[in-house]
>>> print(open('target-v3.cif').read())   # mmCIF, N, CA and C atoms
data_start
#
loop_
_atom_site.label_atom_id
_atom_site.label_comp_id
_atom_site.auth_asym_id
_atom_site.auth_seq_id
_atom_site.Cartn_x
_atom_site.Cartn_y
_atom_site.Cartn_z
N GLN A 1 140.24 157.96 122.11
CA GLN A 1 140.27 159.39 121.83
C GLN A 1 139.15 160.08 122.62
N VAL A 2 139.53 161.15 123.32
CA VAL A 2 138.58 161.87 124.14
C VAL A 2 137.89 162.94 123.31
N GLN A 3 136.57 163.00 123.43
CA GLN A 3 135.81 164.06 122.77
C GLN A 3 134.80 164.63 123.74
N LEU A 4 134.73 165.95 123.75
CA LEU A 4 133.67 166.67 124.45
C LEU A 4 132.91 167.43 123.38
N VAL A 5 131.65 167.10 123.18
CA VAL A 5 130.88 167.69 122.10
C VAL A 5 129.74 168.52 122.69
N GLU A 6 129.84 169.83 122.46
CA GLU A 6 128.82 170.74 122.97
C GLU A 6 127.68 170.88 121.96
N SER A 7 126.50 171.13 122.47
CA SER A 7 125.34 171.40 121.62
C SER A 7 124.37 172.29 122.40
N GLY A 8 123.42 172.87 121.67
CA GLY A 8 122.38 173.65 122.32
C GLY A 8 122.55 175.15 122.20
N GLY A 9 123.65 175.59 121.62
CA GLY A 9 123.82 177.02 121.43
C GLY A 9 122.90 177.55 120.35
N GLY A 10 122.88 178.86 120.22
CA GLY A 10 122.05 179.46 119.19
C GLY A 10 121.78 180.92 119.48
N LEU A 11 120.79 181.45 118.79
CA LEU A 11 120.39 182.85 118.92
C LEU A 11 119.12 182.92 119.76
N VAL A 12 119.14 183.78 120.76
CA VAL A 12 118.00 183.93 121.65
C VAL A 12 117.85 185.40 122.02
N GLN A 13 116.65 185.81 122.28
CA GLN A 13 116.42 187.19 122.71
C GLN A 13 116.77 187.35 124.18
N ALA A 14 117.12 188.55 124.56
CA ALA A 14 117.41 188.85 125.96
C ALA A 14 116.21 188.45 126.82
N GLY A 15 116.52 187.83 127.95
CA GLY A 15 115.47 187.32 128.83
C GLY A 15 115.12 185.88 128.57
N GLY A 16 115.59 185.34 127.45
CA GLY A 16 115.29 183.97 127.09
C GLY A 16 116.19 182.95 127.76
N SER A 17 116.02 181.71 127.35
CA SER A 17 116.76 180.60 127.95
C SER A 17 117.40 179.72 126.87
N LEU A 18 118.48 179.09 127.25
CA LEU A 18 119.11 178.06 126.43
C LEU A 18 119.61 176.96 127.35
N ARG A 19 119.66 175.76 126.79
CA ARG A 19 120.17 174.61 127.53
C ARG A 19 121.33 174.02 126.74
N LEU A 20 122.53 174.14 127.29
CA LEU A 20 123.71 173.59 126.65
C LEU A 20 123.99 172.19 127.18
N SER A 21 124.40 171.32 126.27
CA SER A 21 124.79 169.97 126.64
C SER A 21 126.22 169.69 126.22
N CYS A 22 126.89 168.90 127.01
CA CYS A 22 128.24 168.45 126.68
C CYS A 22 128.27 166.94 126.80
N ALA A 23 128.37 166.28 125.66
CA ALA A 23 128.43 164.82 125.64
C ALA A 23 129.88 164.37 125.57
N ALA A 24 130.29 163.58 126.53
CA ALA A 24 131.68 163.13 126.59
C ALA A 24 131.82 161.70 126.09
N SER A 25 132.91 161.47 125.40
CA SER A 25 133.29 160.11 125.02
C SER A 25 134.79 159.95 125.24
N GLY A 26 135.18 158.73 125.55
CA GLY A 26 136.59 158.47 125.80
C GLY A 26 137.02 158.70 127.24
N ILE A 27 136.15 159.29 128.04
CA ILE A 27 136.38 159.45 129.48
C ILE A 27 135.08 159.13 130.21
N ILE A 28 135.23 158.83 131.48
CA ILE A 28 134.06 158.64 132.34
C ILE A 28 133.96 159.88 133.21
N ILE A 29 132.96 160.71 132.95
CA ILE A 29 132.94 162.04 133.58
C ILE A 29 132.75 161.97 135.09
N SER A 30 132.30 160.85 135.61
CA SER A 30 132.10 160.76 137.06
C SER A 30 133.42 160.92 137.81
N ALA A 31 134.54 160.73 137.12
CA ALA A 31 135.85 160.87 137.75
C ALA A 31 136.43 162.27 137.57
N TYR A 32 135.70 163.15 136.90
CA TYR A 32 136.22 164.46 136.52
C TYR A 32 135.43 165.60 137.13
N THR A 33 136.12 166.69 137.41
CA THR A 33 135.46 167.97 137.57
C THR A 33 135.12 168.46 136.17
N MET A 34 133.86 168.81 135.98
CA MET A 34 133.41 169.30 134.68
C MET A 34 133.05 170.77 134.80
N ALA A 35 133.24 171.50 133.72
CA ALA A 35 133.00 172.93 133.79
C ALA A 35 132.57 173.47 132.43
N TRP A 36 131.99 174.65 132.49
CA TRP A 36 131.69 175.44 131.29
C TRP A 36 132.48 176.74 131.39
N TYR A 37 133.17 177.06 130.32
CA TYR A 37 133.85 178.33 130.17
C TYR A 37 133.20 179.07 129.00
N ARG A 38 133.51 180.36 128.91
CA ARG A 38 133.05 181.11 127.75
C ARG A 38 134.11 182.11 127.33
N GLN A 39 134.05 182.47 126.07
CA GLN A 39 134.97 183.48 125.54
C GLN A 39 134.22 184.37 124.58
N ALA A 40 134.16 185.64 124.94
CA ALA A 40 133.53 186.64 124.07
C ALA A 40 134.61 187.25 123.18
N PRO A 41 134.22 187.82 122.05
CA PRO A 41 135.20 188.42 121.15
C PRO A 41 136.06 189.46 121.85
N GLY A 42 137.36 189.33 121.70
CA GLY A 42 138.29 190.29 122.28
C GLY A 42 138.50 190.13 123.77
N LYS A 43 137.94 189.09 124.36
CA LYS A 43 138.08 188.89 125.80
C LYS A 43 138.73 187.55 126.09
N GLN A 44 139.23 187.41 127.30
CA GLN A 44 139.82 186.15 127.72
C GLN A 44 138.73 185.13 128.04
N ARG A 45 139.11 183.88 127.91
CA ARG A 45 138.20 182.81 128.30
C ARG A 45 138.00 182.87 129.81
N GLU A 46 136.75 182.70 130.25
CA GLU A 46 136.46 182.79 131.68
C GLU A 46 135.55 181.63 132.12
N LEU A 47 135.72 181.28 133.37
CA LEU A 47 134.90 180.22 133.94
C LEU A 47 133.47 180.72 134.14
N VAL A 48 132.52 179.89 133.76
CA VAL A 48 131.11 180.18 133.98
C VAL A 48 130.60 179.38 135.19
N ALA A 49 130.84 178.08 135.15
CA ALA A 49 130.36 177.21 136.22
C ALA A 49 131.14 175.91 136.19
N GLN A 50 131.29 175.30 137.34
CA GLN A 50 131.91 173.99 137.39
C GLN A 50 131.18 173.11 138.38
N ILE A 51 131.33 171.82 138.19
CA ILE A 51 130.71 170.86 139.10
C ILE A 51 131.73 169.76 139.36
N THR A 52 131.97 169.49 140.62
CA THR A 52 132.99 168.52 141.00
C THR A 52 132.49 167.09 140.74
N ALA A 53 133.41 166.16 140.89
CA ALA A 53 133.03 164.75 140.75
C ALA A 53 131.97 164.37 141.79
N GLY A 54 131.99 165.07 142.91
CA GLY A 54 130.99 164.84 143.94
C GLY A 54 129.73 165.66 143.77
N SER A 55 129.61 166.33 142.60
CA SER A 55 128.42 167.11 142.22
C SER A 55 128.23 168.38 143.04
N SER A 56 129.32 168.97 143.50
CA SER A 56 129.23 170.28 144.15
C SER A 56 129.43 171.36 143.10
N PRO A 57 128.44 172.23 142.90
CA PRO A 57 128.57 173.26 141.86
C PRO A 57 129.19 174.55 142.40
N ASN A 58 129.85 175.25 141.49
CA ASN A 58 130.34 176.59 141.77
C ASN A 58 130.08 177.45 140.54
N TYR A 59 129.81 178.72 140.80
CA TYR A 59 129.44 179.62 139.71
C TYR A 59 130.25 180.92 139.78
N ALA A 60 130.50 181.48 138.62
CA ALA A 60 131.10 182.80 138.56
C ALA A 60 130.11 183.82 139.11
N ALA A 61 130.63 184.92 139.62
CA ALA A 61 129.76 185.92 140.25
C ALA A 61 128.73 186.48 139.27
N PHE A 62 129.12 186.59 138.01
CA PHE A 62 128.21 187.20 137.04
C PHE A 62 126.99 186.32 136.73
N VAL A 63 127.06 185.05 137.11
CA VAL A 63 125.93 184.17 136.86
C VAL A 63 124.71 184.61 137.67
N ASN A 64 124.93 184.96 138.93
CA ASN A 64 123.89 185.57 139.76
C ASN A 64 122.60 184.75 139.75
N SER A 65 122.75 183.43 139.93
CA SER A 65 121.61 182.51 140.07
C SER A 65 120.82 182.31 138.78
N ARG A 66 121.34 182.75 137.65
CA ARG A 66 120.62 182.59 136.39
C ARG A 66 120.89 181.24 135.72
N PHE A 67 122.03 180.65 136.01
CA PHE A 67 122.44 179.41 135.35
C PHE A 67 122.50 178.27 136.36
N THR A 68 122.31 177.06 135.85
CA THR A 68 122.44 175.87 136.67
C THR A 68 123.26 174.83 135.92
N ILE A 69 124.31 174.34 136.57
CA ILE A 69 125.11 173.26 135.99
C ILE A 69 124.71 171.95 136.66
N SER A 70 124.63 170.91 135.85
CA SER A 70 124.29 169.60 136.40
C SER A 70 125.01 168.53 135.59
N ARG A 71 125.08 167.36 136.15
CA ARG A 71 125.74 166.27 135.45
C ARG A 71 124.86 165.04 135.49
N ASP A 72 124.87 164.30 134.40
CA ASP A 72 124.17 163.02 134.33
C ASP A 72 125.24 161.98 134.02
N ASN A 73 125.75 161.38 135.07
CA ASN A 73 126.85 160.43 134.89
C ASN A 73 126.43 159.22 134.07
N ALA A 74 125.17 158.84 134.18
CA ALA A 74 124.70 157.68 133.42
C ALA A 74 124.76 157.94 131.91
N LYS A 75 124.51 159.20 131.53
CA LYS A 75 124.57 159.58 130.11
C LYS A 75 125.92 160.20 129.74
N ASN A 76 126.81 160.29 130.74
CA ASN A 76 128.14 160.90 130.49
C ASN A 76 128.00 162.29 129.89
N THR A 77 127.10 163.07 130.47
CA THR A 77 126.73 164.37 129.92
C THR A 77 126.67 165.42 131.02
N VAL A 78 127.07 166.63 130.66
CA VAL A 78 126.97 167.78 131.56
C VAL A 78 126.05 168.81 130.90
N ILE A 79 125.22 169.41 131.70
CA ILE A 79 124.22 170.37 131.21
C ILE A 79 124.47 171.73 131.85
N LEU A 80 124.26 172.77 131.05
CA LEU A 80 124.23 174.13 131.58
C LEU A 80 122.90 174.74 131.17
N GLN A 81 122.02 174.91 132.13
CA GLN A 81 120.74 175.57 131.89
C GLN A 81 120.93 177.05 132.14
N MET A 82 120.65 177.85 131.12
CA MET A 82 120.87 179.30 131.21
C MET A 82 119.53 180.01 131.05
N ASN A 83 119.16 180.75 132.06
CA ASN A 83 117.92 181.52 132.05
C ASN A 83 118.22 183.01 132.15
N SER A 84 117.25 183.82 131.85
CA SER A 84 117.38 185.28 131.96
C SER A 84 118.64 185.77 131.26
N LEU A 85 118.83 185.32 130.05
CA LEU A 85 120.05 185.65 129.31
C LEU A 85 120.11 187.13 128.99
N LYS A 86 121.34 187.64 129.00
CA LYS A 86 121.61 189.04 128.71
C LYS A 86 122.51 189.13 127.48
N SER A 87 122.54 190.30 126.88
CA SER A 87 123.40 190.47 125.70
C SER A 87 124.86 190.21 126.03
N GLU A 88 125.26 190.52 127.26
CA GLU A 88 126.65 190.29 127.66
C GLU A 88 126.99 188.82 127.86
N ASP A 89 126.00 187.95 127.77
CA ASP A 89 126.28 186.51 127.82
C ASP A 89 126.68 185.97 126.44
N THR A 90 126.65 186.80 125.43
CA THR A 90 127.05 186.38 124.09
C THR A 90 128.52 185.97 124.09
N ALA A 91 128.77 184.74 123.67
CA ALA A 91 130.13 184.19 123.68
C ALA A 91 130.10 182.79 123.09
N VAL A 92 131.29 182.25 122.88
CA VAL A 92 131.42 180.83 122.60
C VAL A 92 131.57 180.12 123.94
N TYR A 93 130.76 179.11 124.15
CA TYR A 93 130.78 178.37 125.41
C TYR A 93 131.47 177.02 125.20
N TYR A 94 132.41 176.74 126.08
CA TYR A 94 133.24 175.54 125.97
C TYR A 94 133.02 174.62 127.17
N CYS A 95 132.97 173.36 126.86
CA CYS A 95 132.94 172.33 127.89
C CYS A 95 134.37 171.96 128.26
N TYR A 96 134.59 171.64 129.53
CA TYR A 96 135.94 171.39 130.05
C TYR A 96 135.87 170.25 131.05
N ALA A 97 136.85 169.36 130.98
CA ALA A 97 136.95 168.25 131.92
C ALA A 97 138.33 168.24 132.54
N ARG A 98 138.39 168.01 133.84
CA ARG A 98 139.68 168.05 134.54
C ARG A 98 139.76 166.99 135.63
N ARG A 99 140.88 166.32 135.66
CA ARG A 99 141.26 165.51 136.80
C ARG A 99 142.77 165.60 136.89
N ILE A 100 143.36 165.09 137.93
CA ILE A 100 144.80 165.23 138.13
C ILE A 100 145.53 164.67 136.92
N GLY A 101 146.29 165.53 136.27
CA GLY A 101 147.11 165.10 135.14
C GLY A 101 146.42 165.13 133.79
N PHE A 102 145.12 165.47 133.77
CA PHE A 102 144.38 165.42 132.51
C PHE A 102 143.43 166.62 132.43
N THR A 103 143.43 167.27 131.27
CA THR A 103 142.43 168.29 130.99
C THR A 103 142.01 168.15 129.53
N TYR A 104 140.74 168.41 129.28
CA TYR A 104 140.19 168.29 127.94
C TYR A 104 139.22 169.44 127.69
N TRP A 105 139.19 169.89 126.44
CA TRP A 105 138.29 170.96 126.01
C TRP A 105 137.44 170.49 124.85
N GLY A 106 136.22 171.00 124.81
CA GLY A 106 135.39 170.82 123.64
C GLY A 106 135.69 171.90 122.61
N GLN A 107 135.00 171.83 121.49
CA GLN A 107 135.22 172.78 120.40
C GLN A 107 134.41 174.06 120.57
N GLY A 108 133.42 174.02 121.41
CA GLY A 108 132.64 175.22 121.69
C GLY A 108 131.33 175.29 120.93
N THR A 109 130.40 176.03 121.50
CA THR A 109 129.12 176.29 120.85
C THR A 109 128.79 177.77 121.03
N GLN A 110 128.34 178.38 119.96
CA GLN A 110 128.09 179.83 119.98
C GLN A 110 126.74 180.12 120.63
N VAL A 111 126.76 181.07 121.55
CA VAL A 111 125.53 181.60 122.15
C VAL A 111 125.48 183.08 121.82
N THR A 112 124.40 183.49 121.18
CA THR A 112 124.21 184.89 120.83
C THR A 112 122.90 185.37 121.42
N VAL A 113 122.98 186.42 122.22
CA VAL A 113 121.79 186.98 122.87
C VAL A 113 121.53 188.36 122.27
N SER A 114 120.39 188.51 121.65
CA SER A 114 120.05 189.79 121.03
C SER A 114 119.26 190.65 122.02
N SER A 115 119.58 191.92 121.99
CA SER A 115 118.91 192.84 122.94
C SER A 115 117.71 193.52 122.31
#
>>> encode(input="target-v3.cif", output="structure tokens")
Amino acid sequence: QVQLVESGGGLVQAGGSLRLSCAASGIIISAYTMAWYRQAPGKQRELVAQITAGSSPNYAAFVNSRFTISRDNAKNTVILQMNSLKSEDTAVYYCYARRIGFTYWGQGTQVTVSS
């Protein structure tokens, strides 16, 4: 059974930082493109950042160098370091794993940024 378990969300003031972790079990993430998505109330889920199996990162334009995605294949974990948080970053953040023929989602972790 595949599980992606997110942690690290919470309440933070604008300008602060959070570090999200996604611990995977049931898959070997080194074979997957891993990503973080987010969904704010009343909005569609959107891509925040992704990192390929070869560790090439890509970011949504709104990230603007504030976030860093990384992977630790030895720990089967993906990290999203978020700095300079804004109120508009408030959302549920989801971990995502993809390879040909397979996609998996985590349950999400709430990030709330107070202004």
>>> resolve_selection(input="target-v3.cif", expression="the PyMOL selection byres ((chain A and resi 41) around 8)", output="list of chain:residue names")
A:Arg38, A:Gln39, A:Ala40, A:Gly42, A:Lys43, A:Gln44, A:Thr90, A:Ala91, A:Val92
>>> residues_near_point(input="target-v3.cif", point="(138.9, 169.7, 134.4)", cutoff="8 Å", atoms="all atoms listed in the file", output="PyMOL selection string")
chain A and resi 32-35+95-100+102-105
>>> resolve_selection(input="target-v3.cif", expression="the PyMOL selection byres ((chain A and resi 69-85) around 6)", output="count of residues only")
19
>>> residues_near_point(input="target-v3.cif", point="(115.6, 186.3, 118.1)", cutoff="8 Å", atoms="all atoms listed in the file", output="list in words")
Leu11, Val12, Gln13, Ala14, Val113, Ser114 and Ser115 of chain A
>>> atom_distance(input="target-v3.cif", atom1="CA of Ala60 in chain A", atom2="CA of Leu47 in chain A")
6.5 Å
>>> select_by_dssp(input="target-v3.cif", residues="chain A", states="helix (DSSP H, G or I)", output="PDB file with N, CA and C atoms, in the coordinates of the input")
ATOM      1  N   ILE A  29     132.960 160.710 132.950  1.00  0.00           N
ATOM      2  CA  ILE A  29     132.940 162.040 133.580  1.00  0.00           C
ATOM      3  C   ILE A  29     132.750 161.970 135.090  1.00  0.00           C
ATOM      4  N   SER A  30     132.300 160.850 135.610  1.00  0.00           N
ATOM      5  CA  SER A  30     132.100 160.760 137.060  1.00  0.00           C
ATOM      6  C   SER A  30     133.420 160.920 137.810  1.00  0.00           C
ATOM      7  N   ALA A  31     134.540 160.730 137.120  1.00  0.00           N
ATOM      8  CA  ALA A  31     135.850 160.870 137.750  1.00  0.00           C
ATOM      9  C   ALA A  31     136.430 162.270 137.570  1.00  0.00           C
ATOM     10  N   ALA A  61     130.630 184.920 139.620  1.00  0.00           N
ATOM     11  CA  ALA A  61     129.760 185.920 140.250  1.00  0.00           C
ATOM     12  C   ALA A  61     128.730 186.480 139.270  1.00  0.00           C
ATOM     13  N   PHE A  62     129.120 186.590 138.010  1.00  0.00           N
ATOM     14  CA  PHE A  62     128.210 187.200 137.040  1.00  0.00           C
ATOM     15  C   PHE A  62     126.990 186.320 136.730  1.00  0.00           C
ATOM     16  N   VAL A  63     127.060 185.050 137.110  1.00  0.00           N
ATOM     17  CA  VAL A  63     125.930 184.170 136.860  1.00  0.00           C
ATOM     18  C   VAL A  63     124.710 184.610 137.670  1.00  0.00           C
ATOM     19  N   SER A  87     122.540 190.300 126.880  1.00  0.00           N
ATOM     20  CA  SER A  87     123.400 190.470 125.700  1.00  0.00           C
ATOM     21  C   SER A  87     124.860 190.210 126.030  1.00  0.00           C
ATOM     22  N   GLU A  88     125.260 190.520 127.260  1.00  0.00           N
ATOM     23  CA  GLU A  88     126.650 190.290 127.660  1.00  0.00           C
ATOM     24  C   GLU A  88     126.990 188.820 127.860  1.00  0.00           C
ATOM     25  N   ASP A  89     126.000 187.950 127.770  1.00  0.00           N
ATOM     26  CA  ASP A  89     126.280 186.510 127.820  1.00  0.00           C
ATOM     27  C   ASP A  89     126.680 185.970 126.440  1.00  0.00           C
TER      28      ASP A  89
END
>>> residues_around(input="target-v3.cif", residues="Gln107 in chain A", least_positions_apart="2", cutoff="8 Å", atoms="only C-alpha atoms", output="ChimeraX atom specification")
/A:4-6,94-95,105,109
>>> atom_distance(input="target-v3.cif", atom1="CA of Val111 in chain A", atom2="atom C of Phe62 in chain A")
15.4 Å
>>> atom_distance(input="target-v3.cif", atom1="atom N of Arg45 in chain A", atom2="CA of Gln3 in chain A")
20.7 Å
>>> select_by_dssp(input="target-v3.cif", residues="range 5-108 of chain A", states="strand (DSSP E)", output="NGL selection string")
:A and (5-7 or 10-13 or 18-25 or 33-39 or 46-51 or 57-59 or 67-72 or 77-82 or 91-99 or 102-105)
>>> residues_around(input="target-v3.cif", residues="Gln50 in chain A", least_positions_apart="4", cutoff="6 Å", atoms="all atoms listed in the file", output="ChimeraX atom specification")
/A:34-36,56-59
>>> closest_residue(input="target-v3.cif", among="A:Tyr93, A:Val2, A:Gly106, A:Gly54", to="Ser25 in chain A", atoms="only N, CA and C atoms")
A:Val2
>>> build_atoms(input="target-v3.cif", residues="range 97-113 of chain A", atoms="N, CA, C and O atoms", output="compact mmCIF listing (two decimals), in the frame of the given file")
# COMPACT_ATOMS: atom_id res chain seq x y z
N ALA A 97 136.85 169.36 130.98
CA ALA A 97 136.95 168.25 131.92
C ALA A 97 138.33 168.24 132.54
O ALA A 97 139.33 168.42 131.83
N ARG A 98 138.39 168.01 133.84
CA ARG A 98 139.68 168.05 134.54
C ARG A 98 139.76 166.99 135.63
O ARG A 98 138.82 166.77 136.39
N ARG A 99 140.88 166.32 135.66
CA ARG A 99 141.26 165.51 136.80
C ARG A 99 142.77 165.60 136.89
O ARG A 99 143.42 166.15 135.98
N ILE A 100 143.36 165.09 137.93
CA ILE A 100 144.80 165.23 138.13
C ILE A 100 145.53 164.67 136.92
O ILE A 100 145.37 163.50 136.55
N GLY A 101 146.29 165.53 136.27
CA GLY A 101 147.11 165.10 135.14
C GLY A 101 146.42 165.13 133.79
O GLY A 101 147.07 164.87 132.77
N PHE A 102 145.12 165.47 133.77
CA PHE A 102 144.38 165.42 132.51
C PHE A 102 143.43 166.62 132.43
O PHE A 102 142.72 166.92 133.38
N THR A 103 143.43 167.27 131.27
CA THR A 103 142.43 168.29 130.99
C THR A 103 142.01 168.15 129.53
O THR A 103 142.84 167.83 128.66
N TYR A 104 140.74 168.41 129.28
CA TYR A 104 140.19 168.29 127.94
C TYR A 104 139.22 169.44 127.69
O TYR A 104 138.51 169.86 128.61
N TRP A 105 139.19 169.89 126.44
CA TRP A 105 138.29 170.96 126.01
C TRP A 105 137.44 170.49 124.85
O TRP A 105 137.89 169.72 124.00
N GLY A 106 136.22 171.00 124.81
CA GLY A 106 135.39 170.82 123.64
C GLY A 106 135.69 171.90 122.61
O GLY A 106 136.50 172.79 122.85
N GLN A 107 135.00 171.83 121.49
CA GLN A 107 135.22 172.78 120.40
C GLN A 107 134.41 174.06 120.57
O GLN A 107 134.69 175.06 119.90
N GLY A 108 133.42 174.02 121.41
CA GLY A 108 132.64 175.22 121.69
C GLY A 108 131.33 175.29 120.93
O GLY A 108 131.19 174.69 119.86
N THR A 109 130.40 176.03 121.50
CA THR A 109 129.12 176.29 120.85
C THR A 109 128.79 177.77 121.03
O THR A 109 128.96 178.33 122.12
N GLN A 110 128.34 178.38 119.96
CA GLN A 110 128.09 179.83 119.98
C GLN A 110 126.74 180.12 120.63
O GLN A 110 125.72 179.52 120.27
N VAL A 111 126.76 181.07 121.55
CA VAL A 111 125.53 181.60 122.15
C VAL A 111 125.48 183.08 121.82
O VAL A 111 126.42 183.82 122.13
N THR A 112 124.40 183.49 121.18
CA THR A 112 124.21 184.89 120.83
C THR A 112 122.90 185.37 121.42
O THR A 112 121.85 184.78 121.15
N VAL A 113 122.98 186.42 122.22
CA VAL A 113 121.79 186.98 122.87
C VAL A 113 121.53 188.36 122.27
O VAL A 113 122.38 189.25 122.37
